[in-house]
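Below is the file input-v7.tsv, which contains TSV, C-alpha atoms.
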chain	number	residue	atom	x	y	z
T	1	MET	CA	-22.27	-36.22	-31.02
T	2	THR	CA	-24.66	-34.49	-28.60
T	3	ASP	CA	-27.48	-34.92	-31.12
T	4	GLY	CA	-26.86	-38.65	-31.15
T	5	LEU	CA	-26.81	-39.20	-27.38
T	6	ILE	CA	-30.60	-39.16	-27.21
T	7	LEU	CA	-30.57	-42.40	-29.24
T	8	TYR	CA	-27.13	-43.82	-28.43
T	9	VAL	CA	-27.92	-44.06	-24.71
T	10	PRO	CA	-31.09	-46.18	-25.08
T	11	GLY	CA	-29.29	-48.21	-27.74
T	12	SER	CA	-26.60	-48.97	-25.16
T	13	VAL	CA	-29.29	-50.06	-22.70
T	14	LEU	CA	-30.62	-52.51	-25.28
T	15	ILE	CA	-27.09	-53.82	-25.80
T	16	LEU	CA	-26.79	-54.29	-22.03
T	17	ALA	CA	-30.06	-56.23	-22.01
T	18	LEU	CA	-28.74	-58.39	-24.83
T	19	LEU	CA	-25.47	-59.07	-22.99
T	20	ILE	CA	-27.34	-60.05	-19.83
T	21	LYS	CA	-29.54	-62.32	-21.90
T	22	ALA	CA	-26.59	-63.93	-23.74
T	23	PRO	CA	-25.90	-66.78	-21.25
T	24	THR	CA	-29.58	-67.73	-21.23
T	25	LEU	CA	-29.61	-67.58	-25.02
T	26	ARG	CA	-26.66	-69.95	-25.20
T	27	ARG	CA	-28.42	-72.48	-23.01
T	28	GLY	CA	-31.82	-72.12	-24.67
T	29	TRP	CA	-31.03	-71.43	-28.31
T	30	ASP	CA	-33.44	-74.21	-29.31
T	31	GLN	CA	-36.35	-72.27	-27.75
T	32	PRO	CA	-38.18	-70.04	-30.28
T	33	LEU	CA	-39.26	-67.60	-27.57
T	34	MET	CA	-35.65	-67.01	-26.53
T	35	ARG	CA	-34.61	-66.40	-30.12
T	36	ALA	CA	-37.52	-63.98	-30.59
T	37	VAL	CA	-36.52	-61.92	-27.53
T	38	CYS	CA	-32.88	-61.69	-28.61
T	39	THR	CA	-33.86	-60.81	-32.19
T	40	LEU	CA	-36.02	-57.98	-30.85
T	41	LEU	CA	-33.14	-56.64	-28.75
T	42	CYS	CA	-30.60	-56.92	-31.60
T	43	VAL	CA	-32.84	-55.11	-34.08
T	44	GLY	CA	-33.75	-52.51	-31.45
T	45	CYS	CA	-30.04	-51.75	-30.90
T	46	LEU	CA	-29.55	-51.43	-34.66
T	47	VAL	CA	-32.47	-49.01	-34.97
T	48	MET	CA	-31.24	-46.75	-32.17
T	49	PHE	CA	-27.74	-46.42	-33.59
T	50	LEU	CA	-28.79	-46.11	-37.24
T	51	ALA	CA	-31.42	-43.44	-36.49
T	52	ALA	CA	-29.01	-41.06	-34.70
T	53	PRO	CA	-28.21	-37.98	-36.88
T	54	PRO	CA	-24.40	-38.48	-36.66
T	55	THR	CA	-24.78	-42.07	-37.89
T	56	ILE	CA	-27.17	-40.98	-40.67
T	57	SER	CA	-24.66	-38.39	-41.88
T	58	ALA	CA	-21.75	-40.85	-41.70
T	59	VAL	CA	-23.61	-43.56	-43.63
T	60	ASN	CA	-24.71	-41.11	-46.31
T	61	ARG	CA	-21.10	-39.97	-46.81
T	62	LEU	CA	-19.71	-43.50	-46.72
T	63	VAL	CA	-22.14	-44.86	-49.31
T	64	GLY	CA	-22.15	-41.70	-51.39
T	65	ILE	CA	-25.93	-41.65	-51.93
T	66	THR	CA	-27.98	-38.79	-50.50
T	67	ASN	CA	-30.42	-39.95	-47.77
T	68	VAL	CA	-29.48	-43.62	-48.25
T	69	SER	CA	-29.81	-43.97	-44.47
T	70	ALA	CA	-33.58	-43.51	-44.79
T	71	PRO	CA	-34.36	-46.99	-46.16
T	72	LEU	CA	-31.83	-48.49	-43.75
T	73	VAL	CA	-33.50	-46.90	-40.73
T	74	TYR	CA	-37.04	-47.53	-41.96
T	75	GLY	CA	-36.17	-51.12	-42.90
T	76	ALA	CA	-34.67	-51.73	-39.45
T	77	LEU	CA	-37.76	-50.20	-37.82
T	78	THR	CA	-39.96	-52.50	-39.91
T	79	ALA	CA	-37.87	-55.51	-38.87
T	80	PHE	CA	-38.22	-54.39	-35.23
T	81	SER	CA	-42.00	-54.16	-35.65
T	82	GLY	CA	-42.08	-57.65	-37.14
T	83	SER	CA	-39.98	-58.91	-34.22
T	84	CYS	CA	-42.56	-57.44	-31.83
T	85	ILE	CA	-45.34	-59.38	-33.59
T	86	VAL	CA	-43.30	-62.61	-33.51
T	87	LEU	CA	-42.58	-62.15	-29.81
T	88	VAL	CA	-46.29	-61.62	-29.16
T	89	LEU	CA	-47.08	-64.84	-31.07
T	90	HIS	CA	-44.66	-66.86	-28.94
T	91	TRP	CA	-45.73	-65.24	-25.68
T	92	SER	CA	-49.37	-66.03	-26.45
T	93	ALA	CA	-48.47	-69.74	-26.11
T	94	GLY	CA	-50.78	-70.99	-28.84
T	95	PRO	CA	-50.50	-74.39	-30.58
T	96	PRO	CA	-46.88	-74.77	-31.80
T	97	ALA	CA	-47.89	-75.51	-35.39
T	98	ALA	CA	-50.14	-72.43	-35.51
T	99	VAL	CA	-47.42	-70.24	-33.98
T	100	ARG	CA	-44.90	-71.45	-36.55
T	101	ARG	CA	-47.28	-70.68	-39.41
T	102	ALA	CA	-48.09	-67.25	-38.02
T	103	THR	CA	-44.38	-66.54	-37.48
T	104	ARG	CA	-43.54	-67.43	-41.08
T	105	LEU	CA	-46.45	-65.30	-42.33
T	106	THR	CA	-45.31	-62.35	-40.20
T	107	ALA	CA	-41.73	-62.67	-41.44
T	108	ALA	CA	-42.98	-62.79	-45.04
T	109	VAL	CA	-45.25	-59.76	-44.66
T	110	PHE	CA	-42.73	-57.55	-42.88
T	111	GLY	CA	-39.96	-58.75	-45.18
T	112	ALA	CA	-42.10	-57.69	-48.14
T	113	VAL	CA	-42.72	-54.30	-46.53
T	114	THR	CA	-38.96	-53.87	-46.06
T	115	LEU	CA	-38.39	-54.64	-49.74
T	116	LEU	CA	-41.11	-52.14	-50.66
T	117	ILE	CA	-39.38	-49.47	-48.57
T	118	VAL	CA	-36.14	-50.05	-50.47
T	119	ALA	CA	-37.96	-50.11	-53.83
T	120	PHE	CA	-39.84	-46.88	-53.13
T	121	PHE	CA	-36.57	-45.15	-52.20
T	122	VAL	CA	-34.88	-46.38	-55.39
T	123	ILE	CA	-37.62	-45.14	-57.70
T	124	GLY	CA	-38.27	-41.97	-55.71
T	125	ASP	CA	-36.26	-38.76	-55.68
T	126	ALA	CA	-34.78	-37.34	-52.45
T	127	PRO	CA	-31.88	-35.10	-53.55
T	128	VAL	CA	-31.65	-32.90	-50.43
T	129	GLU	CA	-30.08	-34.53	-47.37
T	130	ARG	CA	-32.32	-34.32	-44.30
T	131	LEU	CA	-30.88	-35.63	-41.04
T	132	ARG	CA	-33.82	-34.93	-38.72
T	133	ASP	CA	-36.94	-34.06	-40.72
T	134	LEU	CA	-36.97	-36.34	-43.77
T	135	ASP	CA	-40.48	-37.60	-42.91
T	136	THR	CA	-42.08	-34.18	-43.19
T	137	TYR	CA	-39.75	-32.69	-45.80
T	138	TYR	CA	-40.60	-35.45	-48.30
T	139	ALA	CA	-44.16	-36.16	-47.07
T	140	ASN	CA	-45.63	-35.11	-50.44
T	141	THR	CA	-42.87	-36.46	-52.69
T	142	PRO	CA	-44.04	-39.34	-54.93
T	143	TRP	CA	-42.73	-42.77	-53.85
T	144	ILE	CA	-40.82	-41.31	-50.89
T	145	ARG	CA	-44.26	-40.59	-49.42
T	146	GLU	CA	-45.21	-44.26	-49.87
T	147	MET	CA	-41.94	-45.34	-48.25
T	148	ILE	CA	-42.75	-43.24	-45.18
T	149	VAL	CA	-46.31	-44.59	-44.96
T	150	CYS	CA	-45.05	-48.20	-45.19
T	151	TYR	CA	-42.72	-47.89	-42.23
T	152	LEU	CA	-45.25	-45.97	-40.12
T	153	LEU	CA	-47.96	-48.59	-40.72
T	154	ALA	CA	-45.61	-51.48	-39.91
T	155	HIS	CA	-44.29	-49.79	-36.79
T	156	THR	CA	-47.79	-48.95	-35.56
T	157	ALA	CA	-48.89	-52.59	-35.92
T	158	GLY	CA	-45.86	-53.99	-34.11
T	159	SER	CA	-45.83	-51.51	-31.24
T	160	SER	CA	-49.58	-51.84	-30.65
T	161	ALA	CA	-49.36	-55.64	-30.55
T	162	LEU	CA	-46.44	-55.72	-28.07
T	163	THR	CA	-48.01	-53.09	-25.78
T	164	GLY	CA	-51.42	-54.77	-25.77
T	165	LEU	CA	-50.06	-58.22	-25.01
T	166	CYS	CA	-47.78	-57.03	-22.19
T	167	TRP	CA	-50.69	-55.11	-20.64
T	168	LYS	CA	-52.91	-58.21	-20.65
T	169	TRP	CA	-50.09	-60.30	-19.22
T	170	LEU	CA	-49.38	-57.71	-16.51
T	171	LEU	CA	-53.00	-57.94	-15.32
T	172	ARG	CA	-52.67	-61.72	-14.91
T	173	VAL	CA	-49.23	-61.95	-13.24
T	174	ALA	CA	-49.27	-62.75	-9.53
T	175	PRO	CA	-48.15	-59.86	-7.24
T	176	SER	CA	-45.46	-62.12	-5.76
T	177	LEU	CA	-43.58	-62.13	-9.10
T	178	ARG	CA	-42.34	-58.60	-8.63
T	179	PRO	CA	-39.40	-58.62	-11.10
T	180	LEU	CA	-41.66	-59.90	-13.88
T	181	ARG	CA	-44.42	-57.42	-13.05
T	182	THR	CA	-41.93	-54.55	-12.99
T	183	GLY	CA	-40.45	-55.63	-16.30
T	184	LEU	CA	-43.86	-55.89	-17.96
T	185	ALA	CA	-44.89	-52.51	-16.55
T	186	LEU	CA	-41.74	-50.93	-18.01
T	187	ILE	CA	-42.40	-52.52	-21.43
T	188	VAL	CA	-46.00	-51.26	-21.34
T	189	LEU	CA	-44.79	-47.77	-20.43
T	190	GLY	CA	-42.24	-47.97	-23.25
T	191	GLY	CA	-45.00	-49.07	-25.63
T	192	VAL	CA	-47.21	-46.14	-24.62
T	193	LEU	CA	-44.31	-43.75	-25.22
T	194	ASP	CA	-43.69	-45.38	-28.59
T	195	LEU	CA	-47.35	-44.93	-29.51
T	196	GLY	CA	-46.91	-41.27	-28.56
T	197	TYR	CA	-43.95	-41.15	-30.95
T	198	LEU	CA	-46.14	-42.62	-33.69
T	199	VAL	CA	-48.96	-40.15	-32.99
T	200	ALA	CA	-46.48	-37.26	-33.33
T	201	LYS	CA	-45.11	-38.70	-36.59
T	202	TRP	CA	-48.54	-39.38	-38.11
T	203	ALA	CA	-49.80	-35.93	-37.08
T	204	ALA	CA	-46.80	-34.14	-38.60
T	205	VAL	CA	-46.97	-36.11	-41.86
T	206	GLY	CA	-50.75	-35.75	-42.05
T	207	ALA	CA	-50.43	-32.02	-41.50
T	208	ARG	CA	-48.08	-31.83	-44.49
T	209	TRP	CA	-50.67	-33.67	-46.61
T	210	ALA	CA	-53.25	-31.10	-45.49
T	211	GLY	CA	-50.96	-28.18	-46.38
T	212	ARG	CA	-50.05	-27.31	-42.78
T	213	ASP	CA	-46.75	-27.17	-40.94
T	214	TRP	CA	-46.60	-29.29	-37.80
T	215	ASP	CA	-43.02	-30.35	-38.45
T	216	ALA	CA	-41.97	-29.63	-34.87
T	217	LEU	CA	-43.93	-32.69	-33.73
T	218	SER	CA	-41.77	-34.94	-35.88
T	219	THR	CA	-38.47	-33.12	-35.42
T	220	TYR	CA	-38.52	-32.18	-31.73
T	221	VAL	CA	-41.29	-34.15	-29.97
T	222	ALA	CA	-40.99	-37.60	-31.54
T	223	PRO	CA	-37.23	-38.31	-30.99
T	224	PRO	CA	-37.29	-37.89	-27.17
T	225	LEU	CA	-40.36	-40.14	-27.04
T	226	ALA	CA	-38.56	-42.77	-29.10
T	227	SER	CA	-35.50	-42.52	-26.84
T	228	ALA	CA	-37.53	-42.84	-23.65
T	229	SER	CA	-39.49	-45.73	-25.15
T	230	ALA	CA	-36.30	-47.65	-25.97
T	231	LEU	CA	-34.98	-47.04	-22.44
T	232	MET	CA	-38.17	-48.39	-20.90
T	233	VAL	CA	-38.40	-51.43	-23.17
T	234	GLY	CA	-34.72	-52.29	-22.68
T	235	SER	CA	-35.05	-51.92	-18.92
T	236	GLY	CA	-38.21	-54.02	-19.05
T	237	PHE	CA	-36.25	-56.92	-20.48
T	238	ILE	CA	-33.37	-56.41	-18.03
T	239	VAL	CA	-35.35	-56.24	-14.77
T	240	PRO	CA	-36.85	-59.79	-14.84
T	241	LEU	CA	-33.45	-61.24	-15.78
T	242	VAL	CA	-31.56	-59.42	-13.02
T	243	GLY	CA	-34.39	-59.38	-10.48
T	244	GLY	CA	-34.83	-63.16	-10.64
T	245	SER	CA	-31.12	-63.94	-10.34
T	246	ALA	CA	-29.43	-65.37	-7.27
T	247	ALA	CA	-27.14	-62.32	-7.03
T	248	TRP	CA	-30.13	-59.97	-6.94
T	249	ARG	CA	-31.86	-62.07	-4.26
T	250	ASP	CA	-28.67	-61.99	-2.20
T	251	TYR	CA	-28.44	-58.23	-2.63
T	252	ARG	CA	-32.03	-57.69	-1.52
T	253	ARG	CA	-31.46	-59.87	1.56
T	254	TYR	CA	-28.21	-58.04	2.25
T	255	ARG	CA	-30.02	-54.70	2.19
T	256	ARG	CA	-32.91	-55.94	4.36
T	257	LEU	CA	-30.45	-57.10	7.04
T	258	ARG	CA	-28.83	-53.67	7.39
T	259	PRO	CA	-30.94	-52.37	10.36
T	260	LEU	CA	-30.18	-55.48	12.40
T	261	TRP	CA	-26.51	-55.55	11.39
T	262	LYS	CA	-26.13	-51.87	12.28
T	263	ALA	CA	-27.61	-52.42	15.74
T	264	LEU	CA	-25.63	-55.58	16.57
T	265	ARG	CA	-22.23	-55.20	14.91
T	266	GLY	CA	-20.51	-53.90	18.06
T	267	PHE	CA	-21.64	-56.64	20.45
T	268	ALA	CA	-19.77	-59.72	19.21
T	269	SER	CA	-17.46	-61.41	21.71
T	270	PRO	CA	-13.79	-60.31	21.43
T	271	SER	CA	-12.91	-63.97	20.83
T	272	VAL	CA	-14.96	-63.96	17.61
T	273	MET	CA	-12.85	-62.94	14.62
T	274	THR	CA	-14.42	-61.75	11.39
T	275	VAL	CA	-12.57	-61.65	8.10
T	276	PRO	CA	-12.36	-58.08	6.72
T	277	LEU	CA	-14.00	-57.56	3.35
T	278	THR	CA	-12.51	-55.84	0.34
T	279	TRP	CA	-14.58	-53.45	-1.79
T	280	TRP	CA	-14.65	-55.99	-4.61
T	281	SER	CA	-15.98	-58.85	-2.45
T	282	PRO	CA	-18.95	-60.61	-4.14
T	283	ILE	CA	-22.41	-59.92	-2.75
T	284	GLY	CA	-22.75	-63.57	-1.66
T	285	ILE	CA	-19.66	-63.24	0.57
T	286	ARG	CA	-20.92	-59.93	1.94
T	287	LEU	CA	-24.26	-61.52	2.81
T	288	ILE	CA	-22.59	-64.38	4.70
T	289	HIS	CA	-20.40	-61.88	6.55
T	290	ARG	CA	-23.40	-59.74	7.53
T	291	GLU	CA	-25.38	-62.78	8.72
T	292	SER	CA	-22.39	-63.93	10.80
T	293	VAL	CA	-22.08	-60.53	12.46
T	294	ILE	CA	-25.79	-60.61	13.33
T	295	ASP	CA	-25.64	-64.17	14.68
T	296	ASP	CA	-22.61	-63.31	16.83
T	297	GLY	CA	-24.35	-60.19	18.14
T	298	ILE	CA	-27.48	-62.15	19.09
T	299	LEU	CA	-25.39	-64.73	20.95
T	300	ALA	CA	-23.51	-61.99	22.78
T	301	LEU	CA	-26.80	-60.39	23.91
T	302	GLY	CA	-28.34	-63.66	25.07
T	303	CYS	CA	-27.80	-62.98	28.75
T	304	TRP	CA	-29.55	-59.62	28.39
T	305	PHE	CA	-32.79	-61.01	27.03
T	306	ASP	CA	-35.91	-60.45	29.15
T	307	PRO	CA	-38.70	-63.02	28.58
T	308	GLY	CA	-41.16	-60.56	30.12
T	309	VAL	CA	-40.51	-58.07	27.31
T	310	ARG	CA	-41.09	-60.80	24.76
T	311	CYS	CA	-44.39	-61.90	26.33
T	312	ALA	CA	-45.68	-58.33	26.52
T	313	ALA	CA	-44.69	-57.61	22.92
T	314	TYR	CA	-46.28	-60.86	21.75
T	315	GLU	CA	-49.58	-60.01	23.42
T	316	ALA	CA	-49.48	-56.50	21.96
T	317	ALA	CA	-48.84	-57.89	18.47
T	318	ARG	CA	-51.70	-60.38	18.79
T	319	ALA	CA	-53.97	-57.57	19.99
T	320	GLU	CA	-53.15	-55.70	16.79
T	321	GLY	CA	-54.40	-58.66	14.76
T	322	LEU	CA	-51.08	-60.25	13.78
T	323	ARG	CA	-51.01	-64.01	13.37
T	324	ASP	CA	-48.80	-66.17	15.53
T	325	PRO	CA	-45.68	-66.30	13.26
T	326	GLN	CA	-45.69	-62.52	12.72
T	327	ALA	CA	-46.41	-61.87	16.39
T	328	SER	CA	-43.48	-64.12	17.37
T	329	LEU	CA	-41.17	-62.19	15.06
T	330	VAL	CA	-42.25	-58.87	16.57
T	331	ALA	CA	-41.85	-60.30	20.08
T	332	ASP	CA	-38.30	-61.54	19.35
T	333	ALA	CA	-37.41	-58.21	17.75
T	334	ALA	CA	-38.75	-56.32	20.77
T	335	MET	CA	-36.78	-58.50	23.19
T	336	LEU	CA	-33.68	-57.97	21.09
T	337	ALA	CA	-34.20	-54.19	20.99
T	338	ALA	CA	-34.59	-54.12	24.77
T	339	ALA	CA	-31.41	-56.17	25.17
T	340	VAL	CA	-29.49	-53.73	22.94
T	341	ARG	CA	-30.62	-50.79	25.07
T	342	ARG	CA	-29.84	-52.55	28.36
T	343	ARG	CA	-26.39	-53.60	27.11
T	344	ARG	CA	-25.56	-50.09	25.96
T	345	SER	CA	-26.82	-48.58	29.20
T	346	ALA	CA	-24.65	-51.01	31.15
T	347	GLU	CA	-21.62	-50.09	29.04
T	348	LEU	CA	-22.16	-46.42	29.79
T	349	ALA	CA	-22.57	-47.13	33.49
T	350	GLY	CA	-19.57	-49.48	33.61
T	351	LEU	CA	-21.65	-52.41	34.87
T	352	LEU	CA	-20.62	-55.09	32.39
T	353	GLY	CA	-18.46	-57.03	34.85
T	354	GLU	CA	-21.28	-58.88	36.60
T	355	HIS	CA	-22.76	-59.96	33.29
T	356	LYS	CA	-19.41	-61.12	31.94
T	357	GLU	CA	-19.06	-63.37	34.97
T	358	ARG	CA	-22.25	-65.14	33.80
T	359	GLY	CA	-20.82	-65.57	30.29
T	360	ASP	CA	-22.47	-64.91	26.96
T	361	GLN	CA	-24.03	-68.31	26.50
T	362	GLY	CA	-27.58	-67.01	26.03
T	363	PRO	CA	-30.78	-67.80	27.92
T	364	PRO	CA	-32.24	-71.28	28.14
T	365	ASP	CA	-34.96	-72.36	25.71
T	366	PRO	CA	-37.60	-71.30	24.75
T	367	TRP	CA	-36.31	-67.73	24.73
T	368	ARG	CA	-33.78	-68.12	21.93
T	369	LEU	CA	-34.54	-66.14	18.78
T	370	ASP	CA	-35.71	-68.94	16.53
T	371	SER	CA	-39.09	-67.69	15.30
T	372	GLY	CA	-38.11	-66.80	11.74
T	373	PRO	CA	-35.40	-65.94	9.16
T	374	LEU	CA	-33.02	-63.11	9.91
T	375	ALA	CA	-34.39	-60.96	7.07
T	376	GLU	CA	-37.90	-61.08	8.53
T	377	LEU	CA	-36.53	-60.42	12.02
T	378	ALA	CA	-34.64	-57.40	10.63
T	379	HIS	CA	-37.82	-56.08	9.01
T	380	ALA	CA	-39.75	-56.36	12.28
T	381	PHE	CA	-36.83	-54.81	14.19
T	382	HIS	CA	-36.83	-51.83	11.83
T	383	SER	CA	-40.52	-51.27	11.08
T	384	SER	CA	-42.68	-52.52	13.96
T	385	PRO	CA	-44.17	-49.74	16.13
T	386	ILE	CA	-44.17	-52.17	19.07
T	387	VAL	CA	-40.40	-52.59	18.75
T	388	ALA	CA	-40.00	-48.84	18.35
T	389	ALA	CA	-41.88	-48.31	21.61
T	390	VAL	CA	-39.61	-50.77	23.41
T	391	ARG	CA	-36.56	-49.05	21.93
T	392	ARG	CA	-37.75	-45.64	23.20
T	393	ASP	CA	-38.71	-46.86	26.68
T	394	PRO	CA	-36.71	-49.97	27.58
T	395	PRO	CA	-37.53	-51.86	30.77
T	396	GLU	CA	-35.36	-51.55	33.78
T	397	GLY	CA	-32.83	-54.28	34.25
Whole structure, structure tokens version:
Amino acid sequence: MTDGLILYVPGSVLILALLIKAPTLRRGWDQPLMRAVCTLLCVGCLVMFLAAPPTISAVNRLVGITNVSAPLVYGALTAFSGSCIVLVLHWSAGPPAAVRRATRLTAAVFGAVTLLIVAFFVIGDAPVERLRDLDTYYANTPWIREMIVCYLLAHTAGSSALTGLCWKWLLRVAPSLRPLRTGLALIVLGGVLDLGYLVAKWAAVGARWAGRDWDALSTYVAPPLASASALMVGSGFIVPLVGGSAAWRDYRRYRRLRPLWKALRGFASPSVMTVPLTWWSPIGIRLIHRESVIDDGILALGCWFDPGVRCAAYEAARAEGLRDPQASLVADAAMLAAAVRRRRSAELAGLLGEHKERGDQGPPDPWRLDSGPLAELAHAFHSSPIVAAVRRDPPEG
């Protein structure tokens, strides 16, 4: 089983990508691009599980034909390569009629190659079972040699097309579309690793044709490259789906609010009750809870705000070249940091009574913190050197 993990794990990642894609597939089954993506993932899963040595041995025993797994694996790899070409055709967004014709031609060509692989195996002779090195062991065997060349040529064409297209697309995608850029970068990396797998295979087979022994390239170098490639490609399809989801956006916002939440969670008024969260609470509920804690903390610190700190921080931010919205965020964050320090100092000195007599209603406008979203305020609170300076050396109050 250990021998199979190197392929079972990436196969499981491809299954995960397929499961994540399933709801979208249900809604958009009429879209050829969606069908092409899911076909690629399905065939990729099949390849990973069929190519693992334990599966090869089990299939050979079950069918009762020595090395019968070879045409199954090579046929699945050829189908995967054809799926890559079809996906490239749909991603290229050409005229629909031309894409349909090219798709049918691709299916016909790669289908014919798959049939050739099966035919070559039937008329060839491979009596010795090889679980890991069939490519090199039978590299000079008539008809089995042709079977190996067919699958290598098909796989080289498909992998090169997918890698090239994703690279061109990555260069054109706007930096703001980070999940898509990350996904494309992972697919490109997976494609490069797959091309490395193909180089190792071609080199080992070619060495056999030349009378040399480079079998280690095929037996020990190529499989880890194939495994890593499948992991990268599967992750590349997962990241845009998860990264663009509402749950992922909520999670990112939840994480960005942590510095502000951590600083303010102890300052809410005793009259404010928060509902405790369970460990299984959805991320959307956790986000609302964190935002409520921050809002309550800001209200509780309102009477500790110092407009002078805000003005000084605003001028310092403008002097650093920040535009007005960013400077306002830094100024609010600095005033909030100073209020946190003053409140904590007062707690330590036991001087909260006089402030409590004033109530926690907050300062009059315009000194309320209304210059931007909480996530941006949290970022300024955590990362601005101006705020850090205020936090280290708070004003007297």
Check your understanding: Please, what distance in Å, to one decimal, runs between CA of Tyr314 in chain T and CA of Pro373 in chain T?
Key ->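 Distance reported for this atom pair: 17.4 Å.
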Practice item. Determine the nearest neighbour of Ala58 in chain T from the options T:Val13, T:Cys38, T:Ala317, T:Leu131, counting only C-alpha atoms. Key: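 Of all the options, T:Leu131 lies closest to Ala58 in chain T.
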Long-range neighbours of range 183-190 of chain T as a short mmCIF file (atom, residue, chain, number, x, y, z; two decimals) with C-alpha atoms, keeping the file's coordinate frame, 7 Å cut-off, only C-alpha atoms, 5 positions minimum in chain:
data_model
loop_
_atom_site.label_atom_id
_atom_site.label_comp_id
_atom_site.auth_asym_id
_atom_site.auth_seq_id
_atom_site.Cartn_x
_atom_site.Cartn_y
_atom_site.Cartn_z
CA THR T 163 -48.01 -53.09 -25.78
CA CYS T 166 -47.78 -57.03 -22.19
CA TRP T 167 -50.69 -55.11 -20.64
CA LEU T 170 -49.38 -57.71 -16.51
CA ALA T 228 -37.53 -42.84 -23.65
CA SER T 229 -39.49 -45.73 -25.15
CA ALA T 230 -36.30 -47.65 -25.97
CA MET T 232 -38.17 -48.39 -20.90
CA VAL T 233 -38.40 -51.43 -23.17
CA SER T 235 -35.05 -51.92 -18.92
CA GLY T 236 -38.21 -54.02 -19.05
CA PHE T 237 -36.25 -56.92 -20.48
CA VAL T 239 -35.35 -56.24 -14.77
CA PRO T 240 -36.85 -59.79 -14.84
#
Exercise for review: Compile the contact shell of range 249-253 of chain T as a VMD selection string: residues with an atom at most 7 Å away, counting only C-alpha atoms, same-chain residues fewer than 4 positions apart removed.
Suggested key: chain T and resid 245 257 283 to 284 287 375
I need the residues from that last selection saved to file as a PDB file, in the frame of the given file (with C-alpha atoms), if you can.
ATOM      1  CA  SER T 245     -31.120 -63.940 -10.340  1.00  0.00           C
ATOM      2  CA  LEU T 257     -30.450 -57.100   7.040  1.00  0.00           C
ATOM      3  CA  ILE T 283     -22.410 -59.920  -2.750  1.00  0.00           C
ATOM      4  CA  GLY T 284     -22.750 -63.570  -1.660  1.00  0.00           C
ATOM      5  CA  LEU T 287     -24.260 -61.520   2.810  1.00  0.00           C
ATOM      6  CA  ALA T 375     -34.390 -60.960   7.070  1.00  0.00           C
TER       7      ALA T 375
END
Point to revise | Point-to-point distance from CA of Gly206 in chain T to CA of Phe120 in chain T, Å rounded to tenths | key: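 Between these atoms lies a distance of 19.1 Å.
Note that the spacing between CA of Leu72 in chain T and CA of Ala154 in chain T amounts to 14.6 Å.
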Taking all atoms of range 286-297 of chain T that appear in the file, build a box with edges along x, y and z, extend it by 5 Å on every side, and state its centre and edge lengths in Å to one decimal, as AutoDock Vina command-line options.
--center_x -23.1 --center_y -62.1 --center_z 10.0 --size_x 15.4 --size_y 14.6 --size_z 26.2
Point to revise | Proximity to Arg35 in chain T - best of T:Ala226, T:Ile238, T:Leu336, T:Leu18, only C-alpha atoms | key: T:Leu18
Revision key, fill the gap. One residue among T:Ile15, T:Cys303, T:Glu376, T:Leu41 is nearest to Pro325 in chain T when using all atoms listed in the file, and that residue is T:Glu376
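Closest approach to Arg208 in chain T among T:Asp296, T:Ala139, T:Ser69, T:Leu180 is made by T:Ala139 (distances from all atoms listed in the file).
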Exercise for review: Identify the residues around (-47.4, -40.4, -50.6) within a radius of 12 Å, measuring from all atoms listed in the file in the coordinates stated by the file, and give them as a ChimeraX atom specification.
Suggested key: /T:120-121,124,135-150,205-206,208-209
Exercise for review: Between T:Trp91, T:Tyr8, T:Leu177, T:Arg290, single out the one closest to Arg255 in chain T, counting all atoms listed in the file.
Suggested key: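 Ranking T:Trp91, T:Tyr8, T:Leu177, T:Arg290 by distance to Arg255 in chain T, first place goes to T:Arg290.
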Review point. Given the choices T:Leu115, T:Leu152, T:Val173, T:Val390, which gets closest to Ala200 in chain T if the distance is worked out from only C-alpha atoms?
Key: T:Leu152
Check your understanding: Near Pro127 in chain T, counting only C-alpha atoms, which residues have an atom at most 10 Å away, once you skip same-chain residues fewer than 3 positions from it, shown as a PyMOL selection string?
Key -> chain T and resi 65-67+124+130
Store the residues of this selection in a file with C-alpha atoms, as a short mmCIF file (atom, residue, chain, number, x, y, z; two decimals), in the frame of the given file.
data_model
loop_
_atom_site.label_atom_id
_atom_site.label_comp_id
_atom_site.auth_asym_id
_atom_site.auth_seq_id
_atom_site.Cartn_x
_atom_site.Cartn_y
_atom_site.Cartn_z
CA ILE T 65 -25.93 -41.65 -51.93
CA THR T 66 -27.98 -38.79 -50.50
CA ASN T 67 -30.42 -39.95 -47.77
CA GLY T 124 -38.27 -41.97 -55.71
CA ARG T 130 -32.32 -34.32 -44.30
#
Could you name the residues that touch Phe49 in chain T at 10 Å or less, counting all atoms listed in the file, but leaving out those on the same chain fewer than 4 positions away, as a PDB file with C-alpha atoms, in the frame of the given file?
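The new file part.pdb reads:
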ATOM      1  CA  GLY T   4     -26.860 -38.650 -31.150  1.00  0.00           C
ATOM      2  CA  LEU T   5     -26.810 -39.200 -27.380  1.00  0.00           C
ATOM      3  CA  LEU T   7     -30.570 -42.400 -29.240  1.00  0.00           C
ATOM      4  CA  TYR T   8     -27.130 -43.820 -28.430  1.00  0.00           C
ATOM      5  CA  VAL T   9     -27.920 -44.060 -24.710  1.00  0.00           C
ATOM      6  CA  PRO T  10     -31.090 -46.180 -25.080  1.00  0.00           C
ATOM      7  CA  GLY T  11     -29.290 -48.210 -27.740  1.00  0.00           C
ATOM      8  CA  SER T  12     -26.600 -48.970 -25.160  1.00  0.00           C
ATOM      9  CA  GLY T  44     -33.750 -52.510 -31.450  1.00  0.00           C
ATOM     10  CA  CYS T  45     -30.040 -51.750 -30.900  1.00  0.00           C
ATOM     11  CA  PRO T  53     -28.210 -37.980 -36.880  1.00  0.00           C
ATOM     12  CA  PRO T  54     -24.400 -38.480 -36.660  1.00  0.00           C
ATOM     13  CA  THR T  55     -24.780 -42.070 -37.890  1.00  0.00           C
ATOM     14  CA  ILE T  56     -27.170 -40.980 -40.670  1.00  0.00           C
ATOM     15  CA  VAL T  73     -33.500 -46.900 -40.730  1.00  0.00           C
TER      16      VAL T  73
END
